[in-house]
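Note: the block below is query_39.txt and it holds compact mmCIF, C-alpha atoms.
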```
# COMPACT_ATOMS: atom_id res chain seq x y z
CA MET A 1144 145.79 58.15 103.10
CA GLY A 1145 143.09 58.81 105.70
CA GLY A 1146 142.81 62.39 104.49
CA PHE A 1147 142.37 61.16 100.92
CA PHE A 1148 139.30 59.14 101.82
CA LYS A 1149 137.89 61.95 103.96
CA SER A 1150 137.68 64.29 100.97
CA SER A 1151 134.85 64.10 98.45
CA ILE A 1152 137.28 64.12 95.53
CA GLY A 1153 139.38 61.37 97.09
CA ARG A 1154 136.35 59.14 97.62
CA LYS A 1155 135.16 59.69 94.05
CA ILE A 1156 138.59 58.84 92.63
CA ALA A 1157 138.76 55.70 94.77
CA MET A 1158 135.27 54.75 93.60
CA ALA A 1159 136.28 55.31 89.97
CA LEU A 1160 139.44 53.22 90.26
CA SER A 1161 137.53 50.31 91.76
CA ALA A 1162 134.98 50.69 88.93
CA PHE A 1163 137.74 50.45 86.29
CA PHE A 1164 139.03 47.28 87.91
CA LEU A 1165 135.58 45.68 88.04
CA MET A 1166 134.76 46.69 84.46
CA PHE A 1167 137.98 45.04 83.29
CA PHE A 1168 137.09 41.93 85.27
CA LEU A 1169 133.68 41.78 83.58
CA ILE A 1170 135.42 41.61 80.19
CA ILE A 1171 137.62 38.70 81.33
CA HIS A 1172 134.69 36.92 82.99
CA LEU A 1173 132.54 37.24 79.88
CA ALA A 1174 135.39 36.13 77.61
CA VAL A 1175 135.77 32.90 79.60
CA ASN A 1176 132.06 32.18 79.91
CA ILE A 1177 131.17 33.00 76.30
CA THR A 1178 133.29 30.04 75.20
CA SER A 1179 130.62 27.78 76.74
CA LEU A 1180 128.41 28.69 73.77
CA PHE A 1181 130.90 27.31 71.27
CA SER A 1182 133.07 24.66 72.88
CA GLU A 1183 132.50 22.58 75.99
CA ASP A 1184 136.16 21.53 75.98
CA VAL A 1185 137.55 25.07 75.76
CA PHE A 1186 135.24 26.26 78.54
CA ASN A 1187 136.27 23.34 80.74
CA GLU A 1188 139.97 23.95 80.13
CA LEU A 1189 139.71 27.68 80.86
CA SER A 1190 137.57 27.10 83.96
CA HIS A 1191 140.01 24.52 85.29
CA PHE A 1192 142.96 26.83 84.69
CA MET A 1193 141.26 29.77 86.40
CA GLY A 1194 140.09 27.55 89.26
CA THR A 1195 143.45 25.93 90.02
CA ASN A 1196 146.07 28.50 89.05
CA PRO A 1197 147.74 29.72 92.29
CA LEU A 1198 148.15 33.28 90.99
CA VAL A 1199 144.45 33.52 90.17
CA GLN A 1200 143.27 31.80 93.34
CA PHE A 1201 145.53 33.36 95.96
CA ALA A 1202 146.40 36.76 94.48
CA LEU A 1203 143.82 37.92 91.94
CA GLN A 1204 140.75 36.39 93.59
CA PRO A 1205 141.27 38.10 96.98
CA VAL A 1206 141.91 41.39 95.16
CA LEU A 1207 138.68 40.91 93.21
CA ILE A 1208 136.65 40.23 96.36
CA PHE A 1209 138.18 43.26 98.03
CA GLY A 1210 137.42 45.36 94.93
CA VAL A 1211 133.75 44.31 94.95
CA VAL A 1212 133.32 45.02 98.66
CA PHE A 1213 135.23 48.30 98.45
CA HIS A 1214 133.20 49.51 95.45
CA PHE A 1215 129.85 48.89 97.12
CA VAL A 1216 130.90 50.27 100.51
CA MET A 1217 132.32 53.39 98.86
CA GLY A 1218 129.14 53.76 96.80
CA PHE A 1219 126.98 53.70 99.92
CA VAL A 1220 129.31 56.16 101.68
CA LEU A 1221 129.18 58.59 98.74
CA GLU A 1222 125.40 58.34 98.57
CA LEU A 1223 125.02 59.07 102.26
CA LYS A 1224 127.54 61.92 102.16
CA ASN A 1225 125.80 63.48 99.14
CA LYS A 1226 122.38 63.30 100.78
CA LYS A 1227 123.75 64.75 104.00
CA ALA A 1228 125.55 67.57 102.17
CA ASN A 1229 122.41 68.47 100.26
CA GLY A 1230 120.24 68.37 103.36
CA VAL A 1231 117.95 65.82 101.75
CA ALA A 1232 116.42 62.77 103.41
CA TYR A 1233 118.03 59.53 102.23
CA ALA A 1234 115.02 58.20 100.33
CA LYS A 1235 114.07 61.55 98.78
CA ASN A 1236 115.47 62.92 95.54
CA ASN A 1237 114.73 66.31 94.00
CA GLY A 1238 117.20 66.07 91.13
CA ALA A 1239 114.84 64.88 88.37
CA ALA A 1240 115.08 68.20 86.59
CA ASN A 1241 118.84 68.05 85.98
CA SER A 1242 119.84 64.40 86.28
CA THR A 1243 119.01 61.10 84.60
CA TRP A 1244 116.97 58.29 86.12
CA MET A 1245 120.11 56.14 86.09
CA SER A 1246 122.21 58.62 88.04
CA ARG A 1247 119.44 59.17 90.62
CA ASN A 1248 118.98 55.44 91.21
CA MET A 1249 122.55 54.14 91.21
CA ILE A 1250 122.17 53.12 94.85
CA TYR A 1251 119.13 50.96 94.07
CA SER A 1252 120.55 49.31 90.99
CA GLY A 1253 123.70 48.75 93.05
CA LEU A 1254 121.72 47.01 95.80
CA VAL A 1255 120.08 44.66 93.30
CA ILE A 1256 123.46 43.90 91.72
CA LEU A 1257 124.89 43.23 95.17
CA ALA A 1258 122.05 40.78 95.86
CA PHE A 1259 122.81 39.11 92.53
CA ILE A 1260 126.50 38.79 93.42
CA VAL A 1261 125.48 37.00 96.62
CA LEU A 1262 123.32 34.63 94.53
CA HIS A 1263 126.19 34.14 92.08
CA PHE A 1264 128.55 33.29 94.94
CA ILE A 1265 126.02 30.77 96.30
CA ASP A 1266 125.62 29.23 92.84
CA PHE A 1267 129.27 29.00 91.84
CA TRP A 1268 131.92 30.31 94.22
CA PHE A 1269 130.89 28.61 97.48
CA PRO A 1270 130.49 25.17 95.83
CA GLU A 1271 133.93 25.59 94.23
CA ILE A 1272 135.52 26.49 97.55
CA ASN A 1273 133.82 23.50 99.17
CA THR A 1274 134.95 21.08 96.45
CA LYS A 1275 138.54 22.29 96.17
CA TYR A 1276 139.53 23.35 99.68
CA ILE A 1277 137.19 21.50 102.04
CA GLN A 1278 136.78 18.22 100.18
CA GLY A 1279 140.29 18.57 98.78
CA ASP A 1280 139.35 17.71 95.20
CA MET A 1281 141.38 19.89 92.80
CA SER A 1282 140.93 17.56 89.82
CA GLY A 1283 137.91 19.35 88.37
CA MET A 1284 136.62 15.92 87.34
CA HIS A 1285 133.33 14.09 87.79
CA ASP A 1286 132.77 10.59 86.39
CA GLY A 1287 135.95 10.87 84.36
CA ASN A 1288 135.13 14.22 82.72
CA PHE A 1289 135.58 17.87 83.61
CA ARG A 1290 132.54 19.00 85.60
CA TYR A 1291 132.48 22.75 84.86
CA PHE A 1292 130.31 22.81 81.72
CA HIS A 1293 127.67 20.49 83.13
CA GLU A 1294 127.57 22.43 86.41
CA LEU A 1295 127.00 25.63 84.45
CA GLN A 1296 124.13 24.09 82.52
CA HIS A 1297 122.60 22.65 85.68
CA LYS A 1298 122.51 26.09 87.35
CA PHE A 1299 120.39 27.48 84.52
CA LEU A 1300 117.73 24.75 84.57
CA ASN A 1301 115.52 26.74 86.95
CA PRO A 1302 113.60 29.46 85.03
CA ALA A 1303 113.29 31.59 88.20
CA ARG A 1304 117.08 31.65 88.57
CA VAL A 1305 117.49 32.55 84.89
CA ALA A 1306 114.93 35.36 85.30
CA ALA A 1307 116.88 36.67 88.31
CA TYR A 1308 120.07 36.69 86.25
CA VAL A 1309 118.39 38.50 83.36
CA VAL A 1310 116.89 41.19 85.63
CA ALA A 1311 120.22 41.65 87.41
CA PHE A 1312 122.11 42.11 84.15
CA ILE A 1313 119.53 44.58 82.83
CA LEU A 1314 120.08 46.63 85.99
CA LEU A 1315 123.84 46.20 85.56
CA ALA A 1316 123.48 47.71 82.08
CA LEU A 1317 121.59 50.69 83.52
CA HIS A 1318 124.19 51.01 86.29
CA LEU A 1319 127.02 51.02 83.76
CA LEU A 1320 125.32 53.50 81.43
CA HIS A 1321 125.85 56.15 84.08
CA GLY A 1322 128.82 54.71 85.94
CA PHE A 1323 131.12 54.20 82.94
CA THR A 1324 131.39 57.86 81.94
CA SER A 1325 131.11 59.00 85.55
CA ALA A 1326 134.21 56.99 86.49
CA PHE A 1327 136.30 58.64 83.77
CA GLN A 1328 134.93 62.05 84.76
CA SER A 1329 135.94 61.46 88.38
CA VAL A 1330 139.59 60.99 87.39
CA GLY A 1331 139.52 63.96 84.99
CA ALA A 1332 139.81 61.87 81.82
CA THR A 1333 136.81 63.21 79.90
CA ALA A 1334 138.31 66.52 78.72
CA GLY A 1335 138.02 66.66 74.93
CA ARG A 1336 136.78 63.08 74.66
CA LYS A 1337 133.50 63.02 76.56
CA LYS A 1338 131.34 62.14 73.53
CA THR A 1339 133.72 59.34 72.54
CA LEU A 1340 133.69 57.92 76.06
CA GLN A 1341 129.90 58.20 76.23
CA THR A 1342 129.58 56.28 72.97
CA PHE A 1343 132.06 53.62 74.03
CA GLY A 1344 130.36 53.47 77.43
CA LYS A 1345 126.97 52.83 75.83
CA VAL A 1346 128.42 50.01 73.72
CA TYR A 1347 130.18 48.47 76.73
CA SER A 1348 127.11 48.86 78.97
CA ILE A 1349 124.92 47.01 76.49
CA VAL A 1350 127.29 44.38 75.06
CA ILE A 1351 128.71 43.05 78.35
CA PRO A 1352 125.39 42.49 80.20
CA LEU A 1353 123.76 41.23 76.98
CA GLY A 1354 126.54 38.67 76.63
CA PHE A 1355 125.83 37.29 80.09
CA ILE A 1356 122.08 37.25 79.42
CA ILE A 1357 122.63 35.29 76.22
CA ILE A 1358 124.76 32.75 78.11
CA ALA A 1359 122.07 32.21 80.75
CA LEU A 1360 119.26 31.90 78.19
CA TYR A 1361 121.29 29.65 75.89
CA HIS A 1362 122.06 27.11 78.60
CA HIS A 1363 118.50 27.23 79.90
CA LEU A 1364 117.05 26.54 76.46
CA ASN A 1365 119.67 24.03 75.30
CA HIS A 1366 120.25 21.84 78.32
```
How would this structure read if it were set down as structure tokens?
Amino acid sequence: MGGFFKSSIGRKIAMALSAFFLMFFLIIHLAVNITSLFSEDVFNELSHFMGTNPLVQFALQPVLIFGVVFHFVMGFVLELKNKKANGVAYAKNNGAANSTWMSRNMIYSGLVILAFIVLHFIDFWFPEINTKYIQGDMSGMHDGNFRYFHELQHKFLNPARVAAYVVAFILLALHLLHGFTSAFQSVGATAGRKKTLQTFGKVYSIVIPLGFIIIALYHHLNH
């Protein structure tokens, strides 16, 4: 296993597999949150299920956190290894002639997304952990009603926070526009279907971040 991660191909495959996992998670996360646009009750029920189900909390959630950390660490490692192999200073890039802006700046879009994830954890995950496991309140209730929908709306009151979310998801879209096809290419799955994957990747890279942006703007404007 150590030899796998020491090779460039092994690291790229590991990076791609973690990307697939995170892209699948984004679909699930959007599917749950998009219900807040249509039904407060459905969103509350889904949020309570996800927040109290033992399988989600004690199996899937740790795997997700590991996947996020692994993906970013592996991304930084690959960036450093590539710069070292090319004999180029870390902040310098001479690939403009044969690479896209997105591919040349994956590390920077990744850093902004990582900062956003920290903000997202502060907004939602840490308060949930505090309520459920420190205060010991697993009911999901506040004043006789589920609290999840109103907490979501409250987080998007601040226009600066909404702006941060919008910028982060725009950069996520740019990150995905390169990363989606790149992940499939790393595992050798683009042969004969590269154009199809590129098209699907463009749709995914626009629709998923746009969905999250719409959610943030909707709750900001309709509180």
Shell of 12 Å around region 1329-1344 of chain A, only C-alpha atoms, local chain residues under 6 positions omitted, as a count of residues only: 24
Which of A:Met1284, A:Ile1357, A:Leu1295, A:Ala1326 sits closest to Glu1183 (chain A) [using only C-alpha atoms]: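 Smallest distance to Glu1183 (chain A) is found for A:Leu1295.
The list of residues with at least one atom within 10 Å of Phe1164 (chain A), based on all atoms listed in the file and without residues fewer than 3 positions apart in the same chain, reads Ala1159, Leu1160, Ser1161, Phe1167, Phe1168, Leu1169, Val1206, Leu1207, Gly1210, Val1211 and His1214 of chain A.
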Using only C-alpha atoms, the best pick from A:Tyr1347, A:Phe1201, A:Phe1209, A:Phe1192 as closest to Gly1283 (chain A) would be A:Phe1192
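Relative to CA of Asn1288 (chain A), CA of Ile1356 (chain A) is found at 26.7 Å.
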Pairwise distance for CA of Glu1188 (chain A) and CA of Leu1203 (chain A), rounded to one decimal in Å: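 Atom-to-atom, CA of Glu1188 (chain A) to CA of Leu1203 (chain A), that is 18.7 Å.
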Select, from A:Ile1171, A:Leu1189, A:Val1212, A:Ile1260, the residue with the minimum atom-to-atom distance to Leu1315 (chain A), counting only C-alpha atoms.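 Closest candidate: A:Ile1260.
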Please report as a tab-separated table every residue of region 1221-1292 of chain A lying within 7 Å of region 1299-1311 of chain A, along with the nearest atom pair and their distance in Å (one decimal), using only C-alpha atoms.
```
residue	atom	partner	partner_atom	distance
A:Val1255	CA	A:Ala1311	CA	6.6
A:Ile1256	CA	A:Ala1311	CA	5.8
A:Phe1259	CA	A:Ala1311	CA	6.3
```
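Among A:Leu1262, A:Met1249, A:Met1193, A:Ile1358, the residue with the shortest atom-to-atom distance to Ser1325 (chain A), counting all atoms listed in the file, is A:Met1249.
Residues in contact with Ser1282 (chain A) at up to 9 Å, not including ones fewer than 4 positions away on its chain and judged by all atoms listed in the file, are His1191, Thr1195, Lys1275 and Phe1289 of chain A.
Straight-line separation from CA of Phe1215 (chain A) to CA of Leu1257 (chain A): 7.8 Å.
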Neighbouring residues of Glu1294 (chain A) were defined as those with any atom within 12 Å, considering all atoms listed in the file; residues of the same chain fewer than 2 positions away were excluded. Please report them as a PDB file with C-alpha atoms, keeping the file's coordinate frame.
```pdb
ATOM      1  CA  SER A1179     130.620  27.780  76.740  1.00  0.00           C
ATOM      2  CA  GLU A1183     132.500  22.580  75.990  1.00  0.00           C
ATOM      3  CA  PHE A1186     135.240  26.260  78.540  1.00  0.00           C
ATOM      4  CA  ASN A1187     136.270  23.340  80.740  1.00  0.00           C
ATOM      5  CA  SER A1190     137.570  27.100  83.960  1.00  0.00           C
ATOM      6  CA  ASP A1266     125.620  29.230  92.840  1.00  0.00           C
ATOM      7  CA  PHE A1267     129.270  29.000  91.840  1.00  0.00           C
ATOM      8  CA  TRP A1268     131.920  30.310  94.220  1.00  0.00           C
ATOM      9  CA  PRO A1270     130.490  25.170  95.830  1.00  0.00           C
ATOM     10  CA  GLU A1271     133.930  25.590  94.230  1.00  0.00           C
ATOM     11  CA  GLY A1283     137.910  19.350  88.370  1.00  0.00           C
ATOM     12  CA  MET A1284     136.620  15.920  87.340  1.00  0.00           C
ATOM     13  CA  HIS A1285     133.330  14.090  87.790  1.00  0.00           C
ATOM     14  CA  ASN A1288     135.130  14.220  82.720  1.00  0.00           C
ATOM     15  CA  PHE A1289     135.580  17.870  83.610  1.00  0.00           C
ATOM     16  CA  ARG A1290     132.540  19.000  85.600  1.00  0.00           C
ATOM     17  CA  TYR A1291     132.480  22.750  84.860  1.00  0.00           C
ATOM     18  CA  PHE A1292     130.310  22.810  81.720  1.00  0.00           C
ATOM     19  CA  GLN A1296     124.130  24.090  82.520  1.00  0.00           C
ATOM     20  CA  HIS A1297     122.600  22.650  85.680  1.00  0.00           C
ATOM     21  CA  LYS A1298     122.510  26.090  87.350  1.00  0.00           C
ATOM     22  CA  PHE A1299     120.390  27.480  84.520  1.00  0.00           C
ATOM     23  CA  LEU A1300     117.730  24.750  84.570  1.00  0.00           C
ATOM     24  CA  HIS A1362     122.060  27.110  78.600  1.00  0.00           C
ATOM     25  CA  HIS A1366     120.250  21.840  78.320  1.00  0.00           C
TER      26      HIS A1366
END
```
Given only C-alpha atoms as the counted atoms, nearest of A:Ile1208, A:Leu1353, A:Val1216, A:Leu1173 to Gly1253 (chain A):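 The answer is A:Val1216, which sits nearest to Gly1253 (chain A).
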Once 5 Å is added on each side, what are the centre and the three edge lengths, in Å to one decimal, of the axis-aligned box enclosing the listed atoms of region 1300-1308 of chain A? Present them as lines of an AutoDock Vina configuration file.
```
center_x = 116.7
center_y = 30.7
center_z = 86.6
size_x = 16.8
size_y = 21.9
size_z = 14.0
```
